[in-house]
$ cat input-v3.cif   # mmCIF, N, CA and C atoms
data_target
loop_
_atom_site.label_atom_id
_atom_site.label_comp_id
_atom_site.auth_asym_id
_atom_site.auth_seq_id
_atom_site.Cartn_x
_atom_site.Cartn_y
_atom_site.Cartn_z
N MET W 31 0.84 -1.18 0.00
CA MET W 31 0.00 0.00 0.00
C MET W 31 0.88 1.24 0.00
N MET W 32 0.32 2.32 -0.46
CA MET W 32 1.03 3.59 -0.49
C MET W 32 0.11 4.66 0.06
N GLY W 33 0.65 5.88 0.13
CA GLY W 33 -0.18 7.01 0.56
C GLY W 33 -0.71 6.82 1.96
N GLY W 34 0.14 6.34 2.87
CA GLY W 34 -0.30 6.12 4.24
C GLY W 34 -1.37 5.06 4.34
N GLY W 35 -1.34 4.10 3.44
CA GLY W 35 -2.32 3.03 3.46
C GLY W 35 -3.60 3.36 2.72
N GLN W 36 -3.64 4.51 2.08
CA GLN W 36 -4.86 4.93 1.38
C GLN W 36 -4.91 4.46 -0.07
N LEU W 37 -3.77 4.05 -0.62
CA LEU W 37 -3.71 3.65 -2.02
C LEU W 37 -3.30 2.19 -2.11
N THR W 38 -4.09 1.40 -2.81
CA THR W 38 -3.79 -0.01 -3.03
C THR W 38 -3.98 -0.30 -4.51
N CYS W 39 -3.64 -1.50 -4.94
CA CYS W 39 -3.87 -1.90 -6.33
C CYS W 39 -5.34 -1.72 -6.70
N ALA W 40 -6.22 -2.11 -5.77
CA ALA W 40 -7.66 -2.04 -6.02
C ALA W 40 -8.17 -0.61 -6.15
N SER W 41 -7.41 0.37 -5.65
CA SER W 41 -7.82 1.76 -5.79
C SER W 41 -7.99 2.15 -7.26
N CYS W 42 -7.17 1.59 -8.11
CA CYS W 42 -7.23 1.92 -9.54
C CYS W 42 -7.77 0.75 -10.38
N HIS W 43 -7.33 -0.46 -10.05
CA HIS W 43 -7.68 -1.63 -10.85
C HIS W 43 -8.98 -2.29 -10.41
N GLY W 44 -9.54 -1.84 -9.29
CA GLY W 44 -10.80 -2.36 -8.78
C GLY W 44 -10.61 -3.66 -8.02
N PRO W 45 -11.58 -3.99 -7.18
CA PRO W 45 -11.48 -5.22 -6.38
C PRO W 45 -11.49 -6.49 -7.22
N ASP W 46 -11.98 -6.39 -8.44
CA ASP W 46 -12.01 -7.54 -9.33
C ASP W 46 -10.81 -7.58 -10.27
N GLY W 47 -9.95 -6.54 -10.21
CA GLY W 47 -8.74 -6.49 -11.03
C GLY W 47 -8.97 -6.12 -12.48
N LYS W 48 -10.20 -5.83 -12.86
CA LYS W 48 -10.52 -5.58 -14.27
C LYS W 48 -10.13 -4.19 -14.76
N GLY W 49 -9.80 -3.29 -13.84
CA GLY W 49 -9.39 -1.94 -14.24
C GLY W 49 -10.51 -1.17 -14.90
N GLY W 50 -10.13 -0.30 -15.82
CA GLY W 50 -11.09 0.52 -16.53
C GLY W 50 -10.86 2.00 -16.27
N VAL W 51 -11.67 2.82 -16.87
CA VAL W 51 -11.53 4.27 -16.75
C VAL W 51 -12.28 4.74 -15.51
N HIS W 52 -11.60 5.57 -14.72
CA HIS W 52 -12.24 6.15 -13.55
C HIS W 52 -11.66 7.53 -13.27
N ALA W 53 -12.40 8.34 -12.52
CA ALA W 53 -11.99 9.69 -12.18
C ALA W 53 -10.98 9.67 -11.05
N MET W 54 -9.98 10.54 -11.16
CA MET W 54 -8.97 10.65 -10.13
C MET W 54 -9.10 11.98 -9.38
N GLY W 55 -10.08 12.77 -9.71
CA GLY W 55 -10.23 14.08 -9.08
C GLY W 55 -9.70 15.17 -9.99
N MET W 56 -10.13 16.38 -9.74
CA MET W 56 -9.68 17.53 -10.52
C MET W 56 -9.84 17.31 -12.01
N MET W 57 -10.90 16.60 -12.39
CA MET W 57 -11.27 16.35 -13.78
C MET W 57 -10.26 15.48 -14.53
N GLN W 58 -9.38 14.80 -13.83
CA GLN W 58 -8.42 13.90 -14.45
C GLN W 58 -8.98 12.48 -14.42
N THR W 59 -8.78 11.75 -15.51
CA THR W 59 -9.21 10.36 -15.56
C THR W 59 -8.01 9.45 -15.78
N MET W 60 -8.20 8.19 -15.44
CA MET W 60 -7.15 7.19 -15.61
C MET W 60 -7.77 5.95 -16.22
N ASP W 61 -7.05 5.32 -17.12
CA ASP W 61 -7.48 4.05 -17.68
C ASP W 61 -6.56 2.98 -17.12
N ALA W 62 -7.01 2.30 -16.07
CA ALA W 62 -6.21 1.28 -15.40
C ALA W 62 -6.33 -0.05 -16.14
N LYS W 63 -5.21 -0.70 -16.30
CA LYS W 63 -5.13 -1.97 -17.02
C LYS W 63 -5.83 -3.09 -16.24
N ASP W 64 -6.36 -4.05 -16.95
CA ASP W 64 -6.89 -5.27 -16.36
C ASP W 64 -5.69 -6.08 -15.86
N ILE W 65 -5.63 -6.33 -14.56
CA ILE W 65 -4.47 -7.03 -14.00
C ILE W 65 -4.78 -8.45 -13.56
N ARG W 66 -5.89 -9.01 -14.03
CA ARG W 66 -6.12 -10.43 -13.74
C ARG W 66 -5.05 -11.24 -14.47
N TRP W 67 -4.48 -12.23 -13.79
CA TRP W 67 -3.38 -12.98 -14.39
C TRP W 67 -3.80 -13.66 -15.69
N SER W 68 -5.06 -14.04 -15.78
CA SER W 68 -5.54 -14.68 -17.01
C SER W 68 -5.39 -13.75 -18.20
N VAL W 69 -5.40 -12.45 -17.97
CA VAL W 69 -5.21 -11.46 -19.03
C VAL W 69 -3.73 -11.13 -19.19
N LEU W 70 -3.01 -10.99 -18.08
CA LEU W 70 -1.60 -10.57 -18.12
C LEU W 70 -0.64 -11.64 -18.63
N GLN W 71 -0.97 -12.90 -18.39
CA GLN W 71 0.00 -13.97 -18.63
C GLN W 71 0.49 -14.08 -20.07
N SER W 72 -0.25 -13.52 -21.01
CA SER W 72 0.21 -13.59 -22.40
C SER W 72 1.41 -12.67 -22.66
N GLU W 73 1.60 -11.64 -21.83
CA GLU W 73 2.73 -10.74 -22.04
C GLU W 73 3.65 -10.61 -20.83
N PHE W 74 3.22 -11.09 -19.66
CA PHE W 74 4.02 -10.96 -18.45
C PHE W 74 4.36 -12.33 -17.87
N ASP W 75 5.59 -12.43 -17.37
CA ASP W 75 5.93 -13.52 -16.45
C ASP W 75 6.21 -12.82 -15.12
N ALA W 76 6.62 -13.55 -14.10
CA ALA W 76 6.81 -12.95 -12.78
C ALA W 76 7.84 -11.83 -12.81
N GLU W 77 8.94 -12.01 -13.53
CA GLU W 77 9.99 -10.98 -13.56
C GLU W 77 9.53 -9.73 -14.30
N LYS W 78 8.84 -9.89 -15.40
CA LYS W 78 8.33 -8.73 -16.13
C LYS W 78 7.27 -8.00 -15.32
N PHE W 79 6.46 -8.76 -14.59
CA PHE W 79 5.45 -8.14 -13.72
C PHE W 79 6.13 -7.34 -12.61
N LYS W 80 7.20 -7.89 -12.05
CA LYS W 80 7.97 -7.18 -11.01
C LYS W 80 8.50 -5.86 -11.56
N LEU W 81 9.03 -5.87 -12.77
CA LEU W 81 9.55 -4.63 -13.37
C LEU W 81 8.43 -3.61 -13.58
N ALA W 82 7.26 -4.07 -13.95
CA ALA W 82 6.13 -3.16 -14.13
C ALA W 82 5.72 -2.54 -12.79
N VAL W 83 5.65 -3.36 -11.76
CA VAL W 83 5.18 -2.90 -10.45
C VAL W 83 6.21 -2.02 -9.75
N THR W 84 7.48 -2.39 -9.83
CA THR W 84 8.51 -1.68 -9.07
C THR W 84 9.21 -0.57 -9.85
N GLN W 85 9.27 -0.71 -11.18
CA GLN W 85 10.01 0.27 -11.97
C GLN W 85 9.17 0.93 -13.05
N GLY W 86 7.92 0.50 -13.20
CA GLY W 86 7.06 1.10 -14.21
C GLY W 86 7.49 0.78 -15.62
N GLN W 87 7.99 -0.44 -15.83
CA GLN W 87 8.47 -0.85 -17.15
C GLN W 87 7.55 -1.88 -17.77
N ASP W 88 7.06 -1.59 -18.97
CA ASP W 88 6.23 -2.52 -19.72
C ASP W 88 7.10 -3.65 -20.26
N PRO W 89 6.53 -4.81 -20.59
CA PRO W 89 7.33 -5.92 -21.11
C PRO W 89 8.18 -5.57 -22.32
N ASP W 90 7.75 -4.60 -23.13
CA ASP W 90 8.54 -4.23 -24.30
C ASP W 90 9.65 -3.24 -23.97
N GLY W 91 9.78 -2.88 -22.69
CA GLY W 91 10.85 -1.98 -22.25
C GLY W 91 10.45 -0.52 -22.15
N THR W 92 9.27 -0.17 -22.65
CA THR W 92 8.82 1.22 -22.53
C THR W 92 8.32 1.47 -21.11
N HIS W 93 8.24 2.76 -20.77
CA HIS W 93 7.79 3.13 -19.43
C HIS W 93 6.27 3.23 -19.38
N LEU W 94 5.71 2.72 -18.30
CA LEU W 94 4.28 2.85 -18.07
C LEU W 94 3.96 4.31 -17.76
N ASN W 95 2.73 4.69 -17.95
CA ASN W 95 2.26 6.02 -17.63
C ASN W 95 2.61 6.34 -16.18
N SER W 96 2.89 7.59 -15.89
CA SER W 96 3.27 7.99 -14.54
C SER W 96 2.12 7.84 -13.54
N ASP W 97 0.88 7.62 -14.03
CA ASP W 97 -0.23 7.35 -13.12
C ASP W 97 -0.02 6.04 -12.35
N MET W 98 0.78 5.13 -12.93
CA MET W 98 1.06 3.86 -12.27
C MET W 98 2.15 4.09 -11.23
N PRO W 99 1.81 3.93 -9.94
CA PRO W 99 2.83 4.11 -8.90
C PRO W 99 3.93 3.06 -9.03
N ARG W 100 5.08 3.41 -8.56
CA ARG W 100 6.19 2.47 -8.46
C ARG W 100 6.19 1.98 -7.02
N TRP W 101 5.97 0.69 -6.85
CA TRP W 101 5.78 0.12 -5.52
C TRP W 101 7.07 -0.47 -4.98
N ASN W 102 7.28 -0.33 -3.69
CA ASN W 102 8.38 -0.99 -3.00
C ASN W 102 7.78 -2.24 -2.37
N ILE W 103 8.02 -3.39 -2.99
CA ILE W 103 7.35 -4.63 -2.58
C ILE W 103 8.39 -5.75 -2.51
N SER W 104 8.29 -6.56 -1.47
CA SER W 104 9.23 -7.67 -1.32
C SER W 104 8.93 -8.76 -2.35
N ASP W 105 9.92 -9.61 -2.58
CA ASP W 105 9.72 -10.72 -3.51
C ASP W 105 8.58 -11.62 -3.06
N GLN W 106 8.48 -11.87 -1.74
CA GLN W 106 7.42 -12.73 -1.23
C GLN W 106 6.05 -12.08 -1.41
N ASP W 107 5.95 -10.77 -1.13
CA ASP W 107 4.68 -10.07 -1.33
C ASP W 107 4.29 -10.06 -2.80
N LEU W 108 5.28 -9.91 -3.68
CA LEU W 108 5.00 -9.94 -5.11
C LEU W 108 4.50 -11.32 -5.54
N ALA W 109 5.14 -12.36 -5.02
CA ALA W 109 4.70 -13.73 -5.33
C ALA W 109 3.27 -13.95 -4.82
N ASP W 110 2.98 -13.43 -3.63
CA ASP W 110 1.63 -13.55 -3.07
C ASP W 110 0.62 -12.79 -3.92
N LEU W 111 1.02 -11.61 -4.41
CA LEU W 111 0.14 -10.82 -5.27
C LEU W 111 -0.18 -11.57 -6.55
N ILE W 112 0.83 -12.16 -7.18
CA ILE W 112 0.60 -12.93 -8.41
C ILE W 112 -0.31 -14.11 -8.12
N THR W 113 -0.08 -14.78 -7.01
CA THR W 113 -0.94 -15.91 -6.63
C THR W 113 -2.38 -15.44 -6.49
N TYR W 114 -2.58 -14.27 -5.86
CA TYR W 114 -3.93 -13.73 -5.73
C TYR W 114 -4.53 -13.38 -7.09
N LEU W 115 -3.76 -12.71 -7.95
CA LEU W 115 -4.26 -12.33 -9.26
C LEU W 115 -4.69 -13.54 -10.09
N LYS W 116 -4.03 -14.65 -9.85
CA LYS W 116 -4.39 -15.89 -10.55
C LYS W 116 -5.75 -16.43 -10.11
N THR W 117 -6.25 -16.00 -8.94
CA THR W 117 -7.55 -16.48 -8.46
C THR W 117 -8.70 -15.66 -9.02
N LEU W 118 -8.42 -14.51 -9.60
CA LEU W 118 -9.50 -13.65 -10.12
C LEU W 118 -10.03 -14.20 -11.43
N PRO W 119 -11.35 -14.34 -11.52
CA PRO W 119 -11.94 -14.91 -12.74
C PRO W 119 -11.84 -13.98 -13.94
#
$ encode --input "input-v3.cif" --output "structure tokens"
Amino acid sequence: MMGGGQLTCASCHGPDGKGGVHAMGMMQTMDAKDIRWSVLQSEFDAEKFKLAVTQGQDPDGTHLNSDMPRWNISDQDLADLITYLKTLP
């Protein structure tokens, strides 16, 4: 979590992980990616997902939009996150 515990993955990607367009305040919108593993697995493996989460790097090496926070997450927490994402339908 970030922002003193106020920001989580679900804040942008939703509790179902499907993402979508939502308002961020001050008339700004964000289009959050669908992060269900069933969708991500075609372009991400665990290492590429780690680079996206921690460094904001897409699998092709380009940088993700700055709306995507760069998270400080342990390897175990990242593995747990991937395990959770795999449970989302």
$ resolve_selection --input "input-v3.cif" --expression "the PyMOL selection byres (((chain W and resi 33-48 and name CA) around 7) and name CA)" --output "list in words"
Met31, Met32, Gly49, Gly50, Ala62, Lys63, Asp64, Ile65, Arg66 and Leu118 of chain W
$ select_by_dssp --input "input-v3.cif" --residues "chain W" --states "strand (DSSP E)" --output "PyMOL selection string"
chain W and resi 50-55+58-62
$ atom_distance --input "input-v3.cif" --atom1 "CA of Glu77 in chain W" --atom2 "CA of Ala109 in chain W"
10.2 Å
$ atom_distance --input "input-v3.cif" --atom1 "atom C of Asp110 in chain W" --atom2 "atom C of Pro89 in chain W"
21.2 Å
$ atom_distance --input "input-v3.cif" --atom1 "atom C of Phe74 in chain W" --atom2 "atom N of Arg100 in chain W"
18.3 Å
$ closest_residue --input "input-v3.cif" --among "W:Asn102, W:Asn95, W:Thr84, W:Ser68" --to "Leu115 in chain W" --atoms "all atoms listed in the file"
W:Ser68
$ select_by_dssp --input "input-v3.cif" --residues "chain W" --states "helix (DSSP H, G or I)" --output "number ranges by chain"
W: 39-43, 67-70, 76-85, 105-115
$ axis_aligned_box --input "input-v3.cif" --around "range 90-101 of chain W" --padding-each-side "4 Å" --output "JSON"
{"center_x": 5.3, "center_y": 1.7, "center_z": -14.6, "size_x": 19.1, "size_y": 20.6, "size_z": 27.3}
$ closest_residue --input "input-v3.cif" --among "W:Thr117, W:Asp90, W:Gln58, W:Gln85" --to "Glu73 in chain W" --atoms "all atoms listed in the file"
W:Asp90
$ residues_around --input "input-v3.cif" --residues "Ala82 in chain W" --least-positions-apart "4" --cutoff "9 Å" --atoms "only C-alpha atoms" --output "number ranges by chain"
W: 77-78, 86-89, 93-94, 98, 100
$ closest_residue --input "input-v3.cif" --among "W:Trp67, W:Lys116, W:Gly91, W:Leu81" --to "Ile103 in chain W" --atoms "only C-alpha atoms"
W:Leu81
$ build_atoms --input "input-v3.cif" --residues "range 73-84 of chain W" --atoms "all heavy atoms" --output "short mmCIF file (atom, residue, chain, number, x, y, z; two decimals), keeping the file's coordinate frame"
data_model
loop_
_atom_site.label_atom_id
_atom_site.label_comp_id
_atom_site.auth_asym_id
_atom_site.auth_seq_id
_atom_site.Cartn_x
_atom_site.Cartn_y
_atom_site.Cartn_z
N GLU W 73 1.60 -11.64 -21.83
CA GLU W 73 2.73 -10.74 -22.04
C GLU W 73 3.65 -10.61 -20.83
O GLU W 73 4.76 -10.08 -20.95
CB GLU W 73 2.25 -9.35 -22.47
CG GLU W 73 1.30 -8.67 -21.52
CD GLU W 73 0.81 -7.30 -22.03
OE1 GLU W 73 1.62 -6.55 -22.59
OE2 GLU W 73 -0.37 -7.02 -21.84
N PHE W 74 3.22 -11.09 -19.66
CA PHE W 74 4.02 -10.96 -18.45
C PHE W 74 4.36 -12.33 -17.87
O PHE W 74 3.53 -13.23 -17.87
CB PHE W 74 3.23 -10.20 -17.36
CG PHE W 74 3.10 -8.73 -17.59
CD1 PHE W 74 2.04 -8.23 -18.34
CD2 PHE W 74 4.02 -7.84 -17.07
CE1 PHE W 74 1.90 -6.87 -18.55
CE2 PHE W 74 3.88 -6.48 -17.27
CZ PHE W 74 2.82 -5.99 -18.01
N ASP W 75 5.59 -12.43 -17.37
CA ASP W 75 5.93 -13.52 -16.45
C ASP W 75 6.21 -12.82 -15.12
O ASP W 75 6.04 -11.60 -15.01
CB ASP W 75 7.13 -14.33 -16.95
CG ASP W 75 8.39 -13.50 -17.18
OD1 ASP W 75 8.52 -12.38 -16.63
OD2 ASP W 75 9.28 -13.97 -17.90
N ALA W 76 6.62 -13.55 -14.10
CA ALA W 76 6.81 -12.95 -12.78
C ALA W 76 7.84 -11.83 -12.81
O ALA W 76 7.65 -10.78 -12.18
CB ALA W 76 7.21 -14.02 -11.77
N GLU W 77 8.94 -12.01 -13.53
CA GLU W 77 9.99 -10.98 -13.56
C GLU W 77 9.53 -9.73 -14.30
O GLU W 77 9.79 -8.61 -13.85
CB GLU W 77 11.26 -11.54 -14.20
CG GLU W 77 12.45 -10.61 -14.09
CD GLU W 77 12.81 -10.22 -12.65
OE1 GLU W 77 12.68 -11.05 -11.73
OE2 GLU W 77 13.23 -9.05 -12.44
N LYS W 78 8.84 -9.89 -15.40
CA LYS W 78 8.33 -8.73 -16.13
C LYS W 78 7.27 -8.00 -15.32
O LYS W 78 7.19 -6.77 -15.34
CB LYS W 78 7.78 -9.14 -17.50
CG LYS W 78 8.86 -9.53 -18.48
CD LYS W 78 8.28 -9.98 -19.79
CE LYS W 78 9.40 -10.40 -20.75
NZ LYS W 78 8.86 -10.91 -22.01
N PHE W 79 6.46 -8.76 -14.59
CA PHE W 79 5.45 -8.14 -13.72
C PHE W 79 6.13 -7.34 -12.61
O PHE W 79 5.72 -6.23 -12.29
CB PHE W 79 4.54 -9.22 -13.13
CG PHE W 79 3.39 -8.67 -12.34
CD1 PHE W 79 2.34 -8.01 -12.98
CD2 PHE W 79 3.35 -8.79 -10.97
CE1 PHE W 79 1.27 -7.50 -12.25
CE2 PHE W 79 2.30 -8.30 -10.23
CZ PHE W 79 1.26 -7.64 -10.87
N LYS W 80 7.20 -7.89 -12.05
CA LYS W 80 7.97 -7.18 -11.01
C LYS W 80 8.50 -5.86 -11.56
O LYS W 80 8.43 -4.83 -10.89
CB LYS W 80 9.11 -8.05 -10.50
CG LYS W 80 9.94 -7.36 -9.43
CD LYS W 80 11.05 -8.25 -8.94
CE LYS W 80 11.84 -7.56 -7.84
NZ LYS W 80 12.89 -8.44 -7.30
N LEU W 81 9.03 -5.87 -12.77
CA LEU W 81 9.55 -4.63 -13.37
C LEU W 81 8.43 -3.61 -13.58
O LEU W 81 8.64 -2.41 -13.40
CB LEU W 81 10.25 -4.93 -14.70
CG LEU W 81 11.59 -5.66 -14.59
CD1 LEU W 81 12.09 -6.04 -15.99
CD2 LEU W 81 12.61 -4.82 -13.85
N ALA W 82 7.26 -4.07 -13.95
CA ALA W 82 6.13 -3.16 -14.13
C ALA W 82 5.72 -2.54 -12.79
O ALA W 82 5.50 -1.33 -12.70
CB ALA W 82 4.95 -3.89 -14.76
N VAL W 83 5.65 -3.36 -11.76
CA VAL W 83 5.18 -2.90 -10.45
C VAL W 83 6.21 -2.02 -9.75
O VAL W 83 5.86 -1.00 -9.16
CB VAL W 83 4.82 -4.12 -9.56
CG1 VAL W 83 4.56 -3.72 -8.13
CG2 VAL W 83 3.62 -4.85 -10.15
N THR W 84 7.48 -2.39 -9.83
CA THR W 84 8.51 -1.68 -9.07
C THR W 84 9.21 -0.57 -9.85
O THR W 84 9.68 0.39 -9.25
CB THR W 84 9.58 -2.65 -8.54
OG1 THR W 84 10.26 -3.27 -9.64
CG2 THR W 84 8.96 -3.70 -7.64
#
